[in-house]
Amino acid sequence: MNGWRRGLTAVLGAVLVAGCGLQSGSSVPLPVGPGSIRPVPELDGVAVTVGSKDFTEANILGYLIEFALTAAGANVRDLTNIQGSNSLRDAQLNQQIDIAYDYTGTGWINYLGKEKPIVADPANPASTEVQQFEATRDADLAEHAMVWAAMAPMNNTYALVTSRRTAEETGVRTLSDYARLIDQDPGAATTCVGTEFNVRPDGYPGLAAAYGIDPAAAHKQIVQDALVYQATADATQCRFGSVAATDGRIPALDLVLLEDDRGFFPKYNAALVMHRDFAQAHPRVIEIMAPISARLTNEVITELNRRVDIDGEEPAEVARDWMVAEGLVTVG
């Protein structure tokens, strides 16, 4: 997607929330044809506006929806790259965007105002992900007529990372190991944290409470989120860092994710979100998208993110290439 269109789409997202009443976006950026996704008579020519937030992973997820529904025969409009979760949410509540991927943790904490996530079961993390999805789905439908469906196994939650060399030198592989290192040698555990992570209850304050870390003893450097990855990989300014768990820079920089062995961090699984009116009018949409969501593991989405953030590819091209490789669509 060209830079000028990316910027324009962000502006359109702001206009949506400002109440201008804008109902459409741009055309789908790349042509596709049917693959295993076949034309669906019920969707032939149906206008569908697809949205996403304004970061790499969100854009990729938005394009996956666009290409799938285009192959099914819908008349898809592109409103990806909207600035911020609240802007996307407002546009969906106002039915100016028909469908988007969002995250269960965001829905539960940000949209529904719940202070605590579903309590994790460290022995069975997958069950906690399902429980968090179901709780978000049920509450949002009851309170806002929003439908959550087709949860993906990918979980873009917060995490701490370290360089492979630091992990080998310190033996730190889990967050409990990290807490012990702070207790024994705080200077050896200097940590780069993003501004939000530093203050959010599901960020460092909650992490410290869950793992018995004395916040006064922890040596932290507050930096922009984008700078955490390289700073931690270099292990000069910081030896540990706060990240999004599916970011493509983690494998690219050979960073090691620390295991959340007490199950503190909330689950942020991606799932489809749409207004109840749209979901009821077009039930085949979930059927089309469910097999795509099922394929979106952490490994898959991290690699797609890496191709954009490290290799410099366009999100739309990465999304289409993957769908073609999976046999879901063909190049139009």
# chains A, B, ... in the order shown; residues from 1 in each chain; ligands from 1

$ residues_around --residues "A:Arg180" --least-positions-apart "2" --cutoff "12 Å" --atoms "only C-alpha atoms" --output "ChimeraX atom specification"
/A:170-178,182-186,188-189,208,211-214,217-218

$ write_last_selection --atoms "N, CA and C atoms" --output "CSV table (one decimal), in the first residue's frame"
chain,number,residue,atom,x,y,z
A,170,THR,N,22.8,-15.3,31.9
A,170,THR,CA,22.1,-15.2,33.2
A,170,THR,C,21.3,-16.4,33.6
A,171,GLY,N,20.9,-17.3,32.6
A,171,GLY,CA,20.1,-18.4,32.9
A,171,GLY,C,18.6,-18.0,33.0
A,172,VAL,N,18.3,-16.7,32.6
A,172,VAL,CA,16.9,-16.3,32.7
A,172,VAL,C,16.1,-16.7,31.5
A,173,ARG,N,15.1,-17.6,31.8
A,173,ARG,CA,14.2,-18.1,30.7
A,173,ARG,C,12.7,-17.8,31.0
A,174,THR,N,12.4,-17.5,32.3
A,174,THR,CA,11.1,-17.3,32.7
A,174,THR,C,11.0,-16.0,33.4
A,175,LEU,N,9.8,-15.5,33.6
A,175,LEU,CA,9.6,-14.2,34.4
A,175,LEU,C,9.9,-14.4,35.9
A,176,SER,N,9.8,-15.6,36.4
A,176,SER,CA,10.2,-15.9,37.7
A,176,SER,C,11.7,-15.8,37.8
A,177,ASP,N,12.5,-16.3,36.8
A,177,ASP,CA,13.9,-16.1,36.8
A,177,ASP,C,14.3,-14.7,36.7
A,178,TYR,N,13.6,-13.9,36.0
A,178,TYR,CA,13.8,-12.4,35.9
A,178,TYR,C,13.6,-11.8,37.2
A,182,ILE,N,16.4,-9.7,39.6
A,182,ILE,CA,16.3,-8.3,40.1
A,182,ILE,C,16.5,-8.3,41.6
A,183,ASP,N,16.1,-9.4,42.3
A,183,ASP,CA,16.3,-9.5,43.7
A,183,ASP,C,17.7,-9.6,44.1
A,184,GLN,N,18.4,-10.4,43.3
A,184,GLN,CA,19.8,-10.7,43.6
A,184,GLN,C,20.8,-9.7,43.1
A,185,ASP,N,20.5,-9.1,41.9
A,185,ASP,CA,21.5,-8.2,41.2
A,185,ASP,C,20.7,-7.2,40.3
A,186,PRO,N,20.0,-6.2,40.9
A,186,PRO,CA,19.2,-5.4,40.1
A,186,PRO,C,19.9,-4.7,38.9
A,188,ALA,N,21.9,-6.0,36.9
A,188,ALA,CA,22.1,-7.0,35.8
A,188,ALA,C,20.7,-7.2,35.1
A,189,ALA,N,19.7,-6.5,35.5
A,189,ALA,CA,18.4,-6.7,34.9
A,189,ALA,C,17.8,-5.4,34.4
A,208,ALA,N,5.0,-6.7,38.2
A,208,ALA,CA,5.8,-6.6,39.5
A,208,ALA,C,5.0,-7.2,40.7
A,211,TYR,N,4.8,-11.1,40.3
A,211,TYR,CA,6.0,-11.9,40.5
A,211,TYR,C,6.8,-11.4,41.7
A,212,GLY,N,6.3,-10.6,42.6
A,212,GLY,CA,6.9,-10.1,43.8
A,212,GLY,C,8.2,-9.3,43.5
A,213,ILE,N,8.1,-8.5,42.5
A,213,ILE,CA,9.3,-7.6,42.2
A,213,ILE,C,9.1,-6.3,42.9
A,214,ASP,N,10.1,-5.8,43.5
A,214,ASP,CA,10.1,-4.5,44.2
A,214,ASP,C,10.3,-3.4,43.1
A,217,ALA,N,13.4,-1.4,43.2
A,217,ALA,CA,14.6,-2.0,42.9
A,217,ALA,C,14.9,-2.2,41.4
A,218,ALA,N,13.8,-2.3,40.6
A,218,ALA,CA,14.0,-2.6,39.2
A,218,ALA,C,14.6,-1.4,38.5

$ select_by_dssp --residues "stretch 85-193 of chain A" --states "alpha helix (DSSP H)" --output "VMD selection string"
chain A and resid 85 to 93 104 to 105 125 to 144 164 to 170 175 to 184

$ write_last_selection --atoms "N, CA and C atoms" --output "short mmCIF file (atom, residue, chain, number, x, y, z; two decimals), in the first residue's frame"
data_model
loop_
_atom_site.label_atom_id
_atom_site.label_comp_id
_atom_site.auth_asym_id
_atom_site.auth_seq_id
_atom_site.Cartn_x
_atom_site.Cartn_y
_atom_site.Cartn_z
N SER A 85 -7.25 2.19 18.66
CA SER A 85 -8.32 1.23 18.94
C SER A 85 -9.67 1.91 19.08
N ASN A 86 -9.73 3.03 19.78
CA ASN A 86 -11.01 3.68 20.04
C ASN A 86 -11.65 4.20 18.76
N SER A 87 -10.83 4.67 17.81
CA SER A 87 -11.38 5.15 16.54
C SER A 87 -12.01 4.01 15.76
N LEU A 88 -11.32 2.87 15.71
CA LEU A 88 -11.87 1.70 15.03
C LEU A 88 -13.15 1.26 15.71
N ARG A 89 -13.13 1.21 17.02
CA ARG A 89 -14.30 0.77 17.77
C ARG A 89 -15.51 1.68 17.51
N ASP A 90 -15.30 2.98 17.56
CA ASP A 90 -16.40 3.91 17.33
C ASP A 90 -16.99 3.73 15.94
N ALA A 91 -16.11 3.53 14.96
CA ALA A 91 -16.59 3.33 13.59
C ALA A 91 -17.42 2.06 13.48
N GLN A 92 -17.03 1.02 14.21
CA GLN A 92 -17.81 -0.22 14.18
C GLN A 92 -19.13 -0.07 14.92
N LEU A 93 -19.12 0.59 16.06
CA LEU A 93 -20.36 0.80 16.79
C LEU A 93 -21.37 1.60 15.96
N THR A 104 -9.00 -9.89 21.95
CA THR A 104 -9.89 -10.17 23.07
C THR A 104 -9.53 -9.36 24.31
N GLY A 105 -8.25 -9.20 24.58
CA GLY A 105 -7.84 -8.41 25.74
C GLY A 105 -8.24 -6.96 25.60
N PRO A 125 -2.81 -22.93 29.18
CA PRO A 125 -3.02 -21.57 28.66
C PRO A 125 -4.10 -21.49 27.60
N ALA A 126 -4.23 -22.52 26.77
CA ALA A 126 -5.23 -22.48 25.70
C ALA A 126 -6.63 -22.37 26.25
N SER A 127 -6.91 -23.01 27.38
CA SER A 127 -8.24 -22.93 27.96
C SER A 127 -8.54 -21.52 28.43
N THR A 128 -7.52 -20.82 28.94
CA THR A 128 -7.72 -19.44 29.37
C THR A 128 -8.02 -18.55 28.18
N GLU A 129 -7.36 -18.77 27.06
CA GLU A 129 -7.62 -17.99 25.86
C GLU A 129 -9.08 -18.15 25.42
N VAL A 130 -9.57 -19.37 25.45
CA VAL A 130 -10.96 -19.61 25.06
C VAL A 130 -11.91 -18.94 26.05
N GLN A 131 -11.62 -19.05 27.33
CA GLN A 131 -12.48 -18.44 28.34
C GLN A 131 -12.50 -16.92 28.20
N GLN A 132 -11.34 -16.32 27.90
CA GLN A 132 -11.30 -14.87 27.72
C GLN A 132 -12.10 -14.47 26.48
N PHE A 133 -11.97 -15.23 25.41
CA PHE A 133 -12.75 -14.96 24.21
C PHE A 133 -14.24 -15.06 24.49
N GLU A 134 -14.66 -16.12 25.15
CA GLU A 134 -16.08 -16.32 25.41
C GLU A 134 -16.65 -15.24 26.32
N ALA A 135 -15.87 -14.82 27.32
CA ALA A 135 -16.34 -13.77 28.22
C ALA A 135 -16.50 -12.45 27.47
N THR A 136 -15.52 -12.14 26.62
CA THR A 136 -15.60 -10.92 25.81
C THR A 136 -16.76 -10.98 24.84
N ARG A 137 -16.88 -12.11 24.17
CA ARG A 137 -17.97 -12.30 23.19
C ARG A 137 -19.33 -12.11 23.84
N ASP A 138 -19.56 -12.75 24.95
CA ASP A 138 -20.87 -12.71 25.59
C ASP A 138 -21.20 -11.32 26.12
N ALA A 139 -20.21 -10.67 26.75
CA ALA A 139 -20.46 -9.35 27.34
C ALA A 139 -20.67 -8.29 26.26
N ASP A 140 -19.88 -8.34 25.19
CA ASP A 140 -19.99 -7.31 24.16
C ASP A 140 -21.28 -7.46 23.36
N LEU A 141 -21.73 -8.68 23.17
CA LEU A 141 -23.00 -8.88 22.48
C LEU A 141 -24.15 -8.34 23.33
N ALA A 142 -24.11 -8.64 24.62
CA ALA A 142 -25.19 -8.21 25.51
C ALA A 142 -25.22 -6.70 25.70
N GLU A 143 -24.04 -6.08 25.78
CA GLU A 143 -23.96 -4.67 26.11
C GLU A 143 -23.96 -3.75 24.89
N HIS A 144 -23.40 -4.23 23.77
CA HIS A 144 -23.21 -3.33 22.63
C HIS A 144 -23.65 -3.92 21.29
N ARG A 164 19.61 -13.58 23.17
CA ARG A 164 19.98 -14.97 23.43
C ARG A 164 21.27 -15.04 24.27
N ARG A 165 22.18 -14.13 24.01
CA ARG A 165 23.42 -14.13 24.80
C ARG A 165 23.14 -13.83 26.27
N THR A 166 22.25 -12.86 26.54
CA THR A 166 21.93 -12.54 27.92
C THR A 166 21.22 -13.72 28.59
N ALA A 167 20.34 -14.38 27.86
CA ALA A 167 19.64 -15.55 28.42
C ALA A 167 20.63 -16.63 28.81
N GLU A 168 21.64 -16.83 27.97
CA GLU A 168 22.64 -17.86 28.27
C GLU A 168 23.53 -17.45 29.43
N GLU A 169 23.87 -16.16 29.49
CA GLU A 169 24.75 -15.68 30.57
C GLU A 169 24.07 -15.69 31.93
N THR A 170 22.79 -15.33 31.95
CA THR A 170 22.07 -15.19 33.22
C THR A 170 21.25 -16.42 33.59
N LEU A 175 9.77 -15.47 33.63
CA LEU A 175 9.59 -14.23 34.39
C LEU A 175 9.93 -14.43 35.86
N SER A 176 9.78 -15.63 36.37
CA SER A 176 10.22 -15.91 37.74
C SER A 176 11.74 -15.80 37.84
N ASP A 177 12.45 -16.29 36.81
CA ASP A 177 13.91 -16.13 36.77
C ASP A 177 14.28 -14.65 36.75
N TYR A 178 13.56 -13.88 35.96
CA TYR A 178 13.80 -12.44 35.85
C TYR A 178 13.59 -11.75 37.20
N ALA A 179 12.54 -12.14 37.92
CA ALA A 179 12.27 -11.55 39.24
C ALA A 179 13.39 -11.88 40.21
N ARG A 180 13.90 -13.10 40.16
CA ARG A 180 15.00 -13.49 41.06
C ARG A 180 16.26 -12.70 40.74
N LEU A 181 16.51 -12.46 39.46
CA LEU A 181 17.70 -11.69 39.08
C LEU A 181 17.62 -10.27 39.63
N ILE A 182 16.45 -9.66 39.55
CA ILE A 182 16.28 -8.31 40.11
C ILE A 182 16.55 -8.33 41.61
N ASP A 183 16.07 -9.36 42.27
CA ASP A 183 16.26 -9.46 43.72
C ASP A 183 17.73 -9.65 44.08
N GLN A 184 18.44 -10.41 43.26
CA GLN A 184 19.84 -10.72 43.57
C GLN A 184 20.82 -9.68 43.05
#

$ closest_residue --among "A:Thr246, A:Asn156, A:Gln280, A:Asn124" --to "A:Asp261" --atoms "only C-alpha atoms"
A:Asn124

$ closest_atom_pairs --of "stretch 141-226 of chain A" --to "stretch 293-314 of chain A" --cutoff "12 Å" --atoms "only C-alpha atoms" --output "Markdown table"
| residue | atom | partner | partner_atom | distance |
| --- | --- | --- | --- | --- |
| A:Ala149 | CA | A:Ser293 | CA | 9.5 |
| A:Ala150 | CA | A:Ser293 | CA | 6.1 |
| A:Met151 | CA | A:Ser293 | CA | 6.4 |
| A:Ala152 | CA | A:Ser293 | CA | 4.6 |
| A:Pro153 | CA | A:Thr297 | CA | 5.1 |
| A:Met154 | CA | A:Asn298 | CA | 4.4 |
| A:Asn155 | CA | A:Asn298 | CA | 6.5 |
| A:Asn156 | CA | A:Asn298 | CA | 7.8 |
| A:Thr157 | CA | A:Asn298 | CA | 10.5 |
| A:Ala226 | CA | A:Asp309 | CA | 10.6 |

$ select_by_dssp --residues "stretch 161-215 of chain A" --states "strand (DSSP E or B)" --output "ChimeraX atom specification"
/A:161-163,174,191-193

$ write_last_selection --atoms "C-alpha atoms" --output "JSON list (two decimals), in the first residue's frame"
[["chain", "number", "residue", "atom", "x", "y", "z"],
["A", 161, "VAL", "CA", 12.36, -10.50, 25.95],
["A", 162, "THR", "CA", 16.10, -10.71, 26.26],
["A", 163, "SER", "CA", 18.95, -11.37, 23.86],
["A", 174, "THR", "CA", 11.05, -17.29, 32.71],
["A", 191, "THR", "CA", 14.83, -3.25, 31.40],
["A", 192, "CYS", "CA", 13.62, -1.06, 28.54],
["A", 193, "VAL", "CA", 9.87, -0.48, 28.77]]

$ closest_residue --among "A:Gly113, A:Gly241, A:Gly51, A:Gly327" --to "A:Met274" --atoms "only C-alpha atoms"
A:Gly51

$ closest_residue --among "A:Leu69, A:Val318, A:Met146, A:Ala231" --to "A:Val40" --atoms "only C-alpha atoms"
A:Leu69

$ atom_distance --atom1 "atom CA of A:Leu255" --atom2 "atom CA of A:Thr236"
14.2 Å

$ closest_residue --among "A:Gly107, A:Pro251, A:Gly73, A:Pro283" --to "A:Ala270" --atoms "only C-alpha atoms"
A:Gly107

$ decode --residues "stretch 65-79 of chain A" --atoms "all heavy atoms" --output "PDB file, in the first residue's frame"
ATOM      1  N   ILE A  65      -9.039 -10.275   5.549  1.00  0.00           N
ATOM      2  CA  ILE A  65     -10.499 -10.221   5.419  1.00  0.00           C
ATOM      3  C   ILE A  65     -10.880  -9.731   4.026  1.00  0.00           C
ATOM      4  O   ILE A  65     -11.752 -10.304   3.351  1.00  0.00           O
ATOM      5  CB  ILE A  65     -11.109  -9.285   6.473  1.00  0.00           C
ATOM      6  CG1 ILE A  65     -10.769  -9.749   7.893  1.00  0.00           C
ATOM      7  CG2 ILE A  65     -12.629  -9.205   6.298  1.00  0.00           C
ATOM      8  CD1 ILE A  65     -11.206  -8.766   8.972  1.00  0.00           C
ATOM      9  N   GLU A  66     -10.226  -8.669   3.578  1.00  0.00           N
ATOM     10  CA  GLU A  66     -10.574  -8.072   2.289  1.00  0.00           C
ATOM     11  C   GLU A  66     -10.402  -9.060   1.139  1.00  0.00           C
ATOM     12  O   GLU A  66     -11.286  -9.186   0.276  1.00  0.00           O
ATOM     13  CB  GLU A  66      -9.719  -6.831   2.047  1.00  0.00           C
ATOM     14  CG  GLU A  66     -10.042  -5.700   3.002  1.00  0.00           C
ATOM     15  CD  GLU A  66      -9.282  -4.425   2.701  1.00  0.00           C
ATOM     16  OE1 GLU A  66      -8.531  -4.391   1.693  1.00  0.00           O
ATOM     17  OE2 GLU A  66      -9.442  -3.475   3.471  1.00  0.00           O
ATOM     18  N   PHE A  67      -9.285  -9.768   1.121  1.00  0.00           N
ATOM     19  CA  PHE A  67      -9.030 -10.689   0.015  1.00  0.00           C
ATOM     20  C   PHE A  67      -9.991 -11.881   0.068  1.00  0.00           C
ATOM     21  O   PHE A  67     -10.460 -12.356  -0.975  1.00  0.00           O
ATOM     22  CB  PHE A  67      -7.578 -11.147   0.034  1.00  0.00           C
ATOM     23  CG  PHE A  67      -6.591 -10.042  -0.221  1.00  0.00           C
ATOM     24  CD1 PHE A  67      -5.413  -9.967   0.505  1.00  0.00           C
ATOM     25  CD2 PHE A  67      -6.843  -9.060  -1.168  1.00  0.00           C
ATOM     26  CE1 PHE A  67      -4.493  -8.942   0.275  1.00  0.00           C
ATOM     27  CE2 PHE A  67      -5.941  -8.033  -1.399  1.00  0.00           C
ATOM     28  CZ  PHE A  67      -4.762  -7.965  -0.676  1.00  0.00           C
ATOM     29  N   ALA A  68     -10.285 -12.366   1.284  1.00  0.00           N
ATOM     30  CA  ALA A  68     -11.202 -13.498   1.408  1.00  0.00           C
ATOM     31  C   ALA A  68     -12.589 -13.135   0.916  1.00  0.00           C
ATOM     32  O   ALA A  68     -13.207 -13.883   0.134  1.00  0.00           O
ATOM     33  CB  ALA A  68     -11.258 -13.955   2.865  1.00  0.00           C
ATOM     34  N   LEU A  69     -13.096 -11.986   1.331  1.00  0.00           N
ATOM     35  CA  LEU A  69     -14.457 -11.611   0.946  1.00  0.00           C
ATOM     36  C   LEU A  69     -14.535 -11.178  -0.517  1.00  0.00           C
ATOM     37  O   LEU A  69     -15.568 -11.357  -1.168  1.00  0.00           O
ATOM     38  CB  LEU A  69     -14.970 -10.516   1.876  1.00  0.00           C
ATOM     39  CG  LEU A  69     -15.097 -10.913   3.354  1.00  0.00           C
ATOM     40  CD1 LEU A  69     -15.771  -9.809   4.150  1.00  0.00           C
ATOM     41  CD2 LEU A  69     -15.839 -12.239   3.513  1.00  0.00           C
ATOM     42  N   THR A  70     -13.441 -10.640  -1.034  1.00  0.00           N
ATOM     43  CA  THR A  70     -13.403 -10.338  -2.473  1.00  0.00           C
ATOM     44  C   THR A  70     -13.498 -11.625  -3.283  1.00  0.00           C
ATOM     45  O   THR A  70     -14.253 -11.704  -4.262  1.00  0.00           O
ATOM     46  CB  THR A  70     -12.116  -9.576  -2.828  1.00  0.00           C
ATOM     47  OG1 THR A  70     -12.113  -8.308  -2.165  1.00  0.00           O
ATOM     48  CG2 THR A  70     -12.019  -9.346  -4.330  1.00  0.00           C
ATOM     49  N   ALA A  71     -12.735 -12.645  -2.889  1.00  0.00           N
ATOM     50  CA  ALA A  71     -12.785 -13.926  -3.598  1.00  0.00           C
ATOM     51  C   ALA A  71     -14.171 -14.550  -3.508  1.00  0.00           C
ATOM     52  O   ALA A  71     -14.600 -15.263  -4.425  1.00  0.00           O
ATOM     53  CB  ALA A  71     -11.744 -14.880  -3.016  1.00  0.00           C
ATOM     54  N   ALA A  72     -14.895 -14.245  -2.419  1.00  0.00           N
ATOM     55  CA  ALA A  72     -16.247 -14.781  -2.248  1.00  0.00           C
ATOM     56  C   ALA A  72     -17.286 -14.002  -3.031  1.00  0.00           C
ATOM     57  O   ALA A  72     -18.454 -14.411  -3.078  1.00  0.00           O
ATOM     58  CB  ALA A  72     -16.612 -14.790  -0.766  1.00  0.00           C
ATOM     59  N   GLY A  73     -16.876 -12.861  -3.623  1.00  0.00           N
ATOM     60  CA  GLY A  73     -17.780 -12.113  -4.485  1.00  0.00           C
ATOM     61  C   GLY A  73     -18.312 -10.817  -3.927  1.00  0.00           C
ATOM     62  O   GLY A  73     -19.083 -10.122  -4.593  1.00  0.00           O
ATOM     63  N   ALA A  74     -17.917 -10.461  -2.710  1.00  0.00           N
ATOM     64  CA  ALA A  74     -18.408  -9.219  -2.115  1.00  0.00           C
ATOM     65  C   ALA A  74     -17.744  -8.008  -2.765  1.00  0.00           C
ATOM     66  O   ALA A  74     -16.650  -8.102  -3.341  1.00  0.00           O
ATOM     67  CB  ALA A  74     -18.141  -9.210  -0.612  1.00  0.00           C
ATOM     68  N   ASN A  75     -18.397  -6.865  -2.665  1.00  0.00           N
ATOM     69  CA  ASN A  75     -17.846  -5.584  -3.122  1.00  0.00           C
ATOM     70  C   ASN A  75     -17.174  -4.926  -1.923  1.00  0.00           C
ATOM     71  O   ASN A  75     -17.813  -4.220  -1.141  1.00  0.00           O
ATOM     72  CB  ASN A  75     -18.966  -4.704  -3.679  1.00  0.00           C
ATOM     73  CG  ASN A  75     -18.456  -3.344  -4.135  1.00  0.00           C
ATOM     74  OD1 ASN A  75     -17.262  -3.159  -4.372  1.00  0.00           O
ATOM     75  ND2 ASN A  75     -19.360  -2.382  -4.252  1.00  0.00           N
ATOM     76  N   VAL A  76     -15.885  -5.183  -1.762  1.00  0.00           N
ATOM     77  CA  VAL A  76     -15.167  -4.813  -0.543  1.00  0.00           C
ATOM     78  C   VAL A  76     -14.560  -3.427  -0.669  1.00  0.00           C
ATOM     79  O   VAL A  76     -13.968  -3.081  -1.697  1.00  0.00           O
ATOM     80  CB  VAL A  76     -14.066  -5.854  -0.233  1.00  0.00           C
ATOM     81  CG1 VAL A  76     -13.248  -5.430   0.981  1.00  0.00           C
ATOM     82  CG2 VAL A  76     -14.702  -7.224   0.003  1.00  0.00           C
ATOM     83  N   ARG A  77     -14.697  -2.636   0.398  1.00  0.00           N
ATOM     84  CA  ARG A  77     -14.052  -1.333   0.515  1.00  0.00           C
ATOM     85  C   ARG A  77     -13.035  -1.384   1.633  1.00  0.00           C
ATOM     86  O   ARG A  77     -13.258  -1.981   2.678  1.00  0.00           O
ATOM     87  CB  ARG A  77     -15.085  -0.253   0.791  1.00  0.00           C
ATOM     88  CG  ARG A  77     -16.214  -0.198  -0.220  1.00  0.00           C
ATOM     89  CD  ARG A  77     -15.724   0.068  -1.634  1.00  0.00           C
ATOM     90  NE  ARG A  77     -15.200   1.423  -1.783  1.00  0.00           N
ATOM     91  CZ  ARG A  77     -14.607   1.869  -2.886  1.00  0.00           C
ATOM     92  NH1 ARG A  77     -14.435   1.053  -3.926  1.00  0.00           N
ATOM     93  NH2 ARG A  77     -14.193   3.121  -2.955  1.00  0.00           N
ATOM     94  N   ASP A  78     -11.909  -0.710   1.402  1.00  0.00           N
ATOM     95  CA  ASP A  78     -10.762  -0.755   2.304  1.00  0.00           C
ATOM     96  C   ASP A  78     -10.730   0.480   3.205  1.00  0.00           C
ATOM     97  O   ASP A  78     -10.550   1.597   2.730  1.00  0.00           O
ATOM     98  CB  ASP A  78      -9.483  -0.838   1.458  1.00  0.00           C
ATOM     99  CG  ASP A  78      -8.212  -0.725   2.287  1.00  0.00           C
ATOM    100  OD1 ASP A  78      -8.293  -0.897   3.510  1.00  0.00           O
ATOM    101  OD2 ASP A  78      -7.147  -0.474   1.697  1.00  0.00           O
ATOM    102  N   LEU A  79     -10.901   0.245   4.509  1.00  0.00           N
ATOM    103  CA  LEU A  79     -10.685   1.307   5.489  1.00  0.00           C
ATOM    104  C   LEU A  79      -9.729   0.826   6.570  1.00  0.00           C
ATOM    105  O   LEU A  79      -9.951   1.026   7.760  1.00  0.00           O
ATOM    106  CB  LEU A  79     -12.002   1.770   6.103  1.00  0.00           C
ATOM    107  CG  LEU A  79     -12.531   3.102   5.561  1.00  0.00           C
ATOM    108  CD1 LEU A  79     -13.880   3.457   6.164  1.00  0.00           C
ATOM    109  CD2 LEU A  79     -11.537   4.237   5.837  1.00  0.00           C
TER     110      LEU A  79
END
